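So the structure is just underneath, and the comments pick up after that.
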Amino acid sequence: MEYNFREIEKKWQALWKETGLYKTEIDNAKPKFYVLDMFPYPSGAGLHVGHPLGYIASDIYARYKRQKGFNVLHPMGYDAFGLPAEQYAIQTGQHPAITTEKNVNRYREQLDKIGFSFDWDRSFKTCDPDYYKWTQWTFIQLFNSYYCNQAKQARPVSELMEAFAAHGTEGLDVAQTKPMEFTAEEWNNASEKKRQEILMNYRLAYLADTWVNWCPKLGTVLANDEVVNGLSVRGGFPVERKLMRQWVLRVSAYAERLLNGLDTVDWTDSLKEIQRNWIGRSEGAAVWFPLAKEGQLDWKKIYMGSHIEGVECERAFEIFTTRPDTIFGVTFMVLCPEHEMIPSITTPEQKEAVEAYVSWAKNRSERERQAEVKKVSGVFTGAFAINPITEERIPIWVSDYVLSDYGTGAIMAVPAHDSRDFAFARHFDLPIRQVVAPSVDEVSNPDTWEESLDSKTGVCVNSGFIDGMAVKDAGKAVIERIKEMGVGYGTVNFRLRDAIFSRQRYWGEPFPIYYEDGMPYPVPENELPVLLPEVDQFLPTETGEPPLARAKDWTYHGCQREYSTMPGFAGSSAYYLRYMDPKNDKALVSKEADEYWQNVDLYVGGAEHGTGHLIYARFWNKFLFDIGVSCKDEPFRKLINQGMIQGRSNFVYRAVSTNKFVSLNLRKEYETTPIHVDVNIVHNDILDIEAFKNWMPDFKDAEFILEDGQYICGWEVEKMSKSKYNVQNPDDLVEKYGADTLRMYEMFLGPVEMAKPWDTNGIEGVSRFIRKFWKLYFDGEGNFAVSGEEPTKAEWKTLHKTIKKIEEDNERFSFNTAISAFMICTNELTDAKCRKRAVLEPLCVLMSAYAPHITEELWSLLGHEESVLKAAYPVYDEQYMVEDEYLYPVSFNGKMRLKMSFPASYTPKEIEPLVLANPDAQKWLDGKTPKKVIIVPKKIVNIVF
RNA sequence: GCGGAUGUGGCGUAAUGGUAGCCGCGCCAGACUUAGGAUCUGGUGGCGAAAGCCGUGGGGGUUCGAGUCCCCCCAUCCGCACCA
């Protein structure tokens with residue numbers, strides 16, 4: 001029987017579907033294992049060979065774990081809300097739901113051809129109302145929660161209201177937008193509207209006027225991770241800063257837990273590091289610099305008094321610094337252009353200049369600002385602040401090198417020890433004072449410096465009470481002092497920002513929110529989901545409202561609803577929980593399902609989600625953990641980042657202004673221009689000339705200058721894209737070689753984690769191997785002929801070392817080396833003409849995780865009725881791995897000289913005299929006594945003399 | 001600038017501190033063929049006729065022994081980037 005992969009694959013795929021082989025249920029008799037892939041966004045282009053790479057790896061692991069006795073949850077779904085479908089809808093008028101449905105079906109078709117073991121009964125799209133109901137539900141829970149810094153967890157807002165009623169903000173330690181102070185009386189007397197405004201300061205999902213990334217071209221606000229170099233990730237359009245009222249998630253409240261949680265998960269160090277950098281924890285101090293008033297000599301007393309009584313607090317600037325040890329080197333202060341105190345402190349003389357600068361800075365696009373980072377700009381306000389430690393008057397400047405959304409938007413400038421302050425001081429001719437030096441005698445005149453001294457080592461100089469102290473101690477001493485004085489405290493700052501959660505777009509989850517008296521209220525939970533309404537056009541209204549404002553009669557009991565929709569990450573943040581219990585209409589996930597499946601044991605996906613999805617999902621899950629929905633604090637226990645598959649483009653070289661094409665190695669002799677050529681008409685870099693002539697009308701009459709009768713193409717690694725003609729479609733490869741070959745070839749390409757160019761050149765080798773493997777089970781006439789004969793010792797050995805190797809490789813996700821082991825095994829068994837059941841049956845089980853179709857066919861030919869998936873992973877036997885004899889390379893002072901064999905049972909003690917007695921060894925020793933003899937069992941003998 | 005990773009034949013890659021280059025592609029030779037982009041067999045790091053010598057980006061070090069561990073440098077890729 002010939003290996004007919006087309007028939008075999010079609011037959012088994014149909015049978016798997018029919019019998020529901022991959023259906024998974026809770027089974028308390030078995031340990032669980034949850035294998036998850038990052039679900040795809042179904043784009044119109046379909047899958048290319050890069051997509052299935054991770055899916056194949058996780059599928060192999062999922063199948064392997066099943067055979068190891070685990071109850072494996074291995075689901076798949078679609079991240080279906082998003083910009084591309086909506087952009088397409090704007091252009092064509094076709095409803096995004098229709099486009100999405102079409103793309104999803106195409107994805108499913110492509111995925112089915114590769115033979116994955118997904119439990120499709122658990123599948124969903126994030127745009128399904130049954131699913132987004134729970135996205136909306138979670139949003140309401142966020143809205144109704146605040147973050148308690150003491151308990152380090154989310155708590156119901158109702159508790160906060162009780163606390164306010166009892167004692168106002170007294171003793172409050174919670175995550176908040178701005179510090180607020182009020183008494184119980186003030187709270188109790190406040191109107192409903194006023195109370196709602198106050199609560200907005202604490203909710204985990206809150207509405208706030210925020211400086212946002214506004215993309216005019218897309219007509220929406222974007223999160224920081226959706227903007228790269230001032231351009232939108234989707235579409236590459238410019239982004240501006242804009243002050244807008246937006247929904248925001250208080251992700252920053254979880255910064256510490258998001259950081260600490262990284263120590264408990266099994267992710268790669270590089271990805272953990274990416275997240276640590278993104279969260280960006282900095283230790284330092286907050287210090288209040290009071291505004292100096294004309295004629296106010298006893299400023300300190302006034303300021304101190306003011307602060308303690310909570311009156312006129314705004315007359316001091318709070319700054320954040322990581323270098324409190326340099327406080328004696330402060331020579332000016334800088335505010336960000338957005339700072340709210342600028343108008344009130346600017347002197348009349350400076351008013352015009354400041355206003356001009358502020359308006360210029362605010363209107364600059366993000367891209368411009370980033371492009372001109374090196375350029376110094378700024379303006380003096382005319383006002384002065386007082387350094388609380390030195391009591392010096394320092395000028396207050398405004399500059400856009402101070403960011404509004406980090407720290408407090410105000411800094412103390414220490415030009416001698418910060419490169420940015422240094423550049424600013426030089427540009428505006430402000431004083432520079434050295435307060436740190438490598439040692440006490442290495443103080444110099446900063447006027448002669450070319451750059452600032454940013455090092456955090458050395459001693460303090462010119463620094464009052466910390467003079468002579470080591471920098472690392474001085475910081476602590478300053479913090480102590482400011483605490484005593486009541487002008488500051490030691491604190492920690494995070495780079496992680498709250499996430500803007502509104503999108504002024506159509507194709508996303510509607511907010512379950514309506515407005516009454518200008519304040520937002522959640523829709524009752526029993527009225528969820530709030531369905532996405534129909535609109536006549538997917539565009540903003542004439543008045544600039546988001547598309548949902550076009551929906552007819554879309555109100556909540558006459559109240560206006562929220563018109564923006566949620567961002568892409570909303571739907572992808574808890575999808576892993578929903579797979580555990582996808583049909584539940586009472587809860588996001590039942591207690592039973594959550595407690596059985598816990599969290600994801602293995603998550604496979606690209607590292608490009610490191611600062612987006614993987615942060616949001618962790619945040620979202622920690623919140624669900626706090627409110628008792630999820631039983632695990634971290635959603636993804638182990639994470640594997642599959643490397644990106646790059647394209648490998650082929651080129652032909654056209655001699656300039658001719659229709660002649662010159663083969664790769666002859667092109668030096670001509671002046672040529674390289675032209676991309678479709679990789680599908682090139683085999684092993686040799687051009688199919690006929691196919692090329694037919695490829696495009698232009699090349700119909702092309703002439704070729706060949707080498708050795710062939711046209712050899714050049715190649716380059718580039719991004720995989722249609723315009724470069726280097727896209728490989730998995731369907732074509734399945735059609736040509738079969739799914740099993742594609743699966744194994746993708747794994748054989750190299751380590752899963754490594755980025756690599758797609759190159760079809762090697763697929764023939766894997767295809768040959770699969771056919772050779774098939775032939776193991778058939779005789780010369782092509783009849784299935786597996787015998788019951790007892791294998792020889794060598795055959796047993798081949799089998800058991802393969803079982804062991806595959807198990808080790810599976811466990812460490814080294815699928816490329818595992819395939820090498822399969823090839824070696826197959827070659828050995830072919831050479832031995834071994835066609836014995838005792839060997840071939842277990843081998844079939846090992847291979848089934850990699851090549852499920854061919855093994856399923858062989859397994860049934862072997863007489864089994866159940867799927868090979870249900871077979872147990874074979875146990876290897878150490879006794880077959882012990883050699884009779886070992887070859888010992890003998891080295892003298894590390895140089896190899898001779899090789900000797902010894903029975904495997906010999907101990908190093910027994911080997912030593914035999915080696916030394918060897919005549920050749922004697923020759924090398926030349927009468928000398930060796931200093932030592934090192935014998936590594938089974939490996940080496942090293943004689944040192 | 002900060003952080004992370006990687007560097008081995010013509011190519012993809014492999015080597016618990018122990019004979020560097022397994023497995024595959026490509027290439028060379030041969031067999032069977034009317035034919036081969038089929039199949040099978042053998043060879044294939046470099047220099048050398050050979051013995052042998054040299055070889056894992058470069059330079060040091062630890063070790064009896066280093067692709068592997070440590071230090072410095074170079075190159076490439078990725079992430080962050082005015083984060084005080």
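All residue names refer to the structure tokens as shown: chains lettered A, B, ... in order, residues numbered from 1 in each chain, ligands numbered from 1 in order.
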Region 598-600 of chain A environment, 9 Å, only C-alpha atoms (C1' of nucleotides), sequence neighbours closer than 3 positions dropped, as a VMD selection string: chain A and resid 32 to 36 576 to 577 580 593 to 595 603 630 to 638
Members of region 548-613 of chain A assigned helix (DSSP H, G or I) by DSSP, as a PyMOL selection string: chain A and resi 548-550+568-571+575-578+591-597+607-609+613
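Note that CA of Lys719 (chain A) and CA of Tyr88 (chain A) are 23.1 Å apart.
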Near-region 75-77 of chain B list (9 Å; only C-alpha atoms (C1' of nucleotides); drop same-chain fewer than 2 positions) as a PDB file with all heavy atoms, in the first residue's frame:
ATOM      1  P     A B   5      20.143  37.823  28.515  1.00  0.00           P
ATOM      2  OP1   A B   5      19.961  36.628  29.345  1.00  0.00           O
ATOM      3  OP2   A B   5      21.351  38.657  28.654  1.00  0.00           O
ATOM      4  O5'   A B   5      20.019  37.412  26.969  1.00  0.00           O
ATOM      5  C5'   A B   5      19.015  36.487  26.580  1.00  0.00           C
ATOM      6  C4'   A B   5      18.843  36.534  25.084  1.00  0.00           C
ATOM      7  O4'   A B   5      18.803  37.907  24.633  1.00  0.00           O
ATOM      8  C3'   A B   5      19.964  35.920  24.269  1.00  0.00           C
ATOM      9  O3'   A B   5      19.892  34.516  24.237  1.00  0.00           O
ATOM     10  C2'   A B   5      19.718  36.561  22.904  1.00  0.00           C
ATOM     11  O2'   A B   5      18.634  35.946  22.230  1.00  0.00           O
ATOM     12  C1'   A B   5      19.313  37.977  23.302  1.00  0.00           C
ATOM     13  N9    A B   5      20.449  38.918  23.262  1.00  0.00           N
ATOM     14  C8    A B   5      21.137  39.485  24.312  1.00  0.00           C
ATOM     15  N7    A B   5      22.088  40.309  23.936  1.00  0.00           N
ATOM     16  C5    A B   5      22.025  40.277  22.548  1.00  0.00           C
ATOM     17  C6    A B   5      22.759  40.941  21.548  1.00  0.00           C
ATOM     18  N6    A B   5      23.757  41.798  21.792  1.00  0.00           N
ATOM     19  N1    A B   5      22.452  40.682  20.251  1.00  0.00           N
ATOM     20  C2    A B   5      21.447  39.821  19.993  1.00  0.00           C
ATOM     21  N3    A B   5      20.675  39.151  20.843  1.00  0.00           N
ATOM     22  C4    A B   5      21.021  39.429  22.115  1.00  0.00           C
ATOM     23  P     U B   6      21.263  33.669  24.237  1.00  0.00           P
ATOM     24  OP1   U B   6      20.892  32.257  24.459  1.00  0.00           O
ATOM     25  OP2   U B   6      22.268  34.312  25.104  1.00  0.00           O
ATOM     26  O5'   U B   6      21.732  33.836  22.728  1.00  0.00           O
ATOM     27  C5'   U B   6      20.941  33.298  21.673  1.00  0.00           C
ATOM     28  C4'   U B   6      21.397  33.856  20.345  1.00  0.00           C
ATOM     29  O4'   U B   6      21.369  35.308  20.392  1.00  0.00           O
ATOM     30  C3'   U B   6      22.842  33.559  19.975  1.00  0.00           C
ATOM     31  O3'   U B   6      22.995  32.247  19.465  1.00  0.00           O
ATOM     32  C2'   U B   6      23.103  34.624  18.920  1.00  0.00           C
ATOM     33  O2'   U B   6      22.496  34.299  17.693  1.00  0.00           O
ATOM     34  C1'   U B   6      22.379  35.821  19.529  1.00  0.00           C
ATOM     35  N1    U B   6      23.282  36.708  20.299  1.00  0.00           N
ATOM     36  C2    U B   6      24.092  37.569  19.568  1.00  0.00           C
ATOM     37  O2    U B   6      24.077  37.602  18.359  1.00  0.00           O
ATOM     38  N3    U B   6      24.898  38.373  20.315  1.00  0.00           N
ATOM     39  C4    U B   6      24.991  38.409  21.698  1.00  0.00           C
ATOM     40  O4    U B   6      25.759  39.193  22.228  1.00  0.00           O
ATOM     41  C5    U B   6      24.127  37.482  22.386  1.00  0.00           C
ATOM     42  C6    U B   6      23.326  36.682  21.674  1.00  0.00           C
ATOM     43  P     G B   7      24.442  31.513  19.601  1.00  0.00           P
ATOM     44  OP1   G B   7      24.233  30.113  19.185  1.00  0.00           O
ATOM     45  OP2   G B   7      25.057  31.803  20.910  1.00  0.00           O
ATOM     46  O5'   G B   7      25.306  32.249  18.487  1.00  0.00           O
ATOM     47  C5'   G B   7      24.900  32.180  17.112  1.00  0.00           C
ATOM     48  C4'   G B   7      25.784  33.080  16.269  1.00  0.00           C
ATOM     49  O4'   G B   7      25.876  34.368  16.922  1.00  0.00           O
ATOM     50  C3'   G B   7      27.208  32.579  16.087  1.00  0.00           C
ATOM     51  O3'   G B   7      27.627  32.775  14.736  1.00  0.00           O
ATOM     52  C2'   G B   7      28.027  33.454  17.016  1.00  0.00           C
ATOM     53  O2'   G B   7      29.332  33.702  16.522  1.00  0.00           O
ATOM     54  C1'   G B   7      27.227  34.754  17.012  1.00  0.00           C
ATOM     55  N9    G B   7      27.422  35.521  18.248  1.00  0.00           N
ATOM     56  C8    G B   7      26.887  35.254  19.482  1.00  0.00           C
ATOM     57  N7    G B   7      27.249  36.107  20.394  1.00  0.00           N
ATOM     58  C5    G B   7      28.074  37.000  19.723  1.00  0.00           C
ATOM     59  C6    G B   7      28.776  38.145  20.192  1.00  0.00           C
ATOM     60  O6    G B   7      28.803  38.605  21.315  1.00  0.00           O
ATOM     61  N1    G B   7      29.504  38.756  19.170  1.00  0.00           N
ATOM     62  C2    G B   7      29.554  38.329  17.874  1.00  0.00           C
ATOM     63  N2    G B   7      30.318  39.048  17.046  1.00  0.00           N
ATOM     64  N3    G B   7      28.911  37.260  17.417  1.00  0.00           N
ATOM     65  C4    G B   7      28.193  36.649  18.389  1.00  0.00           C
ATOM     66  P     G B  57      31.983  31.562  17.648  1.00  0.00           P
ATOM     67  OP1   G B  57      32.343  31.560  19.087  1.00  0.00           O
ATOM     68  OP2   G B  57      30.586  31.748  17.210  1.00  0.00           O
ATOM     69  O5'   G B  57      32.895  32.649  16.920  1.00  0.00           O
ATOM     70  C5'   G B  57      32.701  32.940  15.548  1.00  0.00           C
ATOM     71  C4'   G B  57      33.267  34.291  15.218  1.00  0.00           C
ATOM     72  O4'   G B  57      32.293  35.316  15.549  1.00  0.00           O
ATOM     73  C3'   G B  57      34.511  34.665  16.025  1.00  0.00           C
ATOM     74  O3'   G B  57      35.685  34.117  15.490  1.00  0.00           O
ATOM     75  C2'   G B  57      34.461  36.188  15.952  1.00  0.00           C
ATOM     76  O2'   G B  57      34.891  36.646  14.697  1.00  0.00           O
ATOM     77  C1'   G B  57      32.958  36.436  16.098  1.00  0.00           C
ATOM     78  N9    G B  57      32.537  36.565  17.496  1.00  0.00           N
ATOM     79  C8    G B  57      31.688  35.739  18.180  1.00  0.00           C
ATOM     80  N7    G B  57      31.508  36.090  19.424  1.00  0.00           N
ATOM     81  C5    G B  57      32.288  37.231  19.561  1.00  0.00           C
ATOM     82  C6    G B  57      32.491  38.068  20.687  1.00  0.00           C
ATOM     83  O6    G B  57      32.017  37.960  21.819  1.00  0.00           O
ATOM     84  N1    G B  57      33.354  39.117  20.403  1.00  0.00           N
ATOM     85  C2    G B  57      33.952  39.330  19.189  1.00  0.00           C
ATOM     86  N2    G B  57      34.759  40.382  19.114  1.00  0.00           N
ATOM     87  N3    G B  57      33.784  38.554  18.132  1.00  0.00           N
ATOM     88  C4    G B  57      32.933  37.531  18.388  1.00  0.00           C
TER      89        G B  57
END
Just want the 12 Å neighbourhood of A20 (chain B), counted on only C-alpha atoms (C1' of nucleotides), with same-chain residues fewer than 6 positions away dropped. Output as a ChimeraX atom specification. /B:8-9,14,45,55-56,66-68
Please write the residues from the selection above to a file, keeping N, CA and C atoms (P, O5', C5', C4', C3', O3' and C1' of nucleotides), as a PDB file, in the first residue's frame.
ATOM      1  P     U B   8      27.274  31.574  13.713  1.00  0.00           P
ATOM      2  O5'   U B   8      28.154  30.374  14.245  1.00  0.00           O
ATOM      3  C5'   U B   8      29.570  30.447  14.196  1.00  0.00           C
ATOM      4  C4'   U B   8      30.152  29.085  14.342  1.00  0.00           C
ATOM      5  C3'   U B   8      29.914  28.139  13.168  1.00  0.00           C
ATOM      6  O3'   U B   8      30.888  28.359  12.155  1.00  0.00           O
ATOM      7  C1'   U B   8      29.456  27.007  15.201  1.00  0.00           C
ATOM      8  P     G B   9      30.403  28.733  10.720  1.00  0.00           P
ATOM      9  O5'   G B   9      29.970  27.317  10.148  1.00  0.00           O
ATOM     10  C5'   G B   9      29.643  27.199   8.799  1.00  0.00           C
ATOM     11  C4'   G B   9      30.696  26.405   8.086  1.00  0.00           C
ATOM     12  C3'   G B   9      30.398  26.240   6.594  1.00  0.00           C
ATOM     13  O3'   G B   9      31.642  26.204   5.902  1.00  0.00           O
ATOM     14  C1'   G B   9      30.517  24.124   7.627  1.00  0.00           C
ATOM     15  P     A B  14      19.729  23.842  17.639  1.00  0.00           P
ATOM     16  O5'   A B  14      20.678  22.553  17.690  1.00  0.00           O
ATOM     17  C5'   A B  14      20.116  21.290  17.400  1.00  0.00           C
ATOM     18  C4'   A B  14      21.103  20.192  17.646  1.00  0.00           C
ATOM     19  C3'   A B  14      21.882  20.265  18.941  1.00  0.00           C
ATOM     20  O3'   A B  14      21.072  19.873  20.017  1.00  0.00           O
ATOM     21  C1'   A B  14      23.285  19.556  17.171  1.00  0.00           C
ATOM     22  P     G B  45      33.539  16.992   6.333  1.00  0.00           P
ATOM     23  O5'   G B  45      33.771  18.539   6.611  1.00  0.00           O
ATOM     24  C5'   G B  45      32.840  19.502   6.139  1.00  0.00           C
ATOM     25  C4'   G B  45      33.365  20.895   6.388  1.00  0.00           C
ATOM     26  C3'   G B  45      34.772  21.151   5.844  1.00  0.00           C
ATOM     27  O3'   G B  45      34.736  21.527   4.474  1.00  0.00           O
ATOM     28  C1'   G B  45      34.674  21.838   8.084  1.00  0.00           C
ATOM     29  P     G B  55      43.460  26.748  16.281  1.00  0.00           P
ATOM     30  O5'   G B  55      42.281  27.294  15.395  1.00  0.00           O
ATOM     31  C5'   G B  55      40.994  27.068  15.800  1.00  0.00           C
ATOM     32  C4'   G B  55      40.054  27.055  14.637  1.00  0.00           C
ATOM     33  C3'   G B  55      38.648  26.738  15.093  1.00  0.00           C
ATOM     34  O3'   G B  55      38.013  27.954  15.428  1.00  0.00           O
ATOM     35  C1'   G B  55      39.266  25.240  13.393  1.00  0.00           C
ATOM     36  P     U B  56      37.703  28.324  16.949  1.00  0.00           P
ATOM     37  O5'   U B  56      36.127  28.305  16.890  1.00  0.00           O
ATOM     38  C5'   U B  56      35.468  28.835  15.729  1.00  0.00           C
ATOM     39  C4'   U B  56      33.988  28.791  15.951  1.00  0.00           C
ATOM     40  C3'   U B  56      33.530  29.550  17.210  1.00  0.00           C
ATOM     41  O3'   U B  56      32.316  30.200  16.914  1.00  0.00           O
ATOM     42  C1'   U B  56      32.793  27.308  17.298  1.00  0.00           C
ATOM     43  P     A B  66      40.397  23.665  27.277  1.00  0.00           P
ATOM     44  O5'   A B  66      38.816  23.430  27.374  1.00  0.00           O
ATOM     45  C5'   A B  66      38.092  22.746  26.351  1.00  0.00           C
ATOM     46  C4'   A B  66      36.869  23.570  25.965  1.00  0.00           C
ATOM     47  C3'   A B  66      37.193  24.894  25.279  1.00  0.00           C
ATOM     48  O3'   A B  66      36.145  25.205  24.368  1.00  0.00           O
ATOM     49  C1'   A B  66      36.051  25.328  27.287  1.00  0.00           C
ATOM     50  P     G B  67      36.208  24.614  22.930  1.00  0.00           P
ATOM     51  O5'   G B  67      34.919  25.250  22.259  1.00  0.00           O
ATOM     52  C5'   G B  67      34.901  26.637  21.920  1.00  0.00           C
ATOM     53  C4'   G B  67      33.482  27.134  21.844  1.00  0.00           C
ATOM     54  C3'   G B  67      32.794  27.288  23.192  1.00  0.00           C
ATOM     55  O3'   G B  67      33.065  28.554  23.749  1.00  0.00           O
ATOM     56  C1'   G B  67      31.397  26.093  21.694  1.00  0.00           C
ATOM     57  P     U B  68      33.239  28.750  25.321  1.00  0.00           P
ATOM     58  O5'   U B  68      31.919  28.079  25.916  1.00  0.00           O
ATOM     59  C5'   U B  68      30.633  28.710  25.781  1.00  0.00           C
ATOM     60  C4'   U B  68      29.586  27.823  26.387  1.00  0.00           C
ATOM     61  C3'   U B  68      29.695  27.677  27.902  1.00  0.00           C
ATOM     62  O3'   U B  68      28.430  27.802  28.503  1.00  0.00           O
ATOM     63  C1'   U B  68      29.770  25.532  26.862  1.00  0.00           C
TER      64        U B  68
END
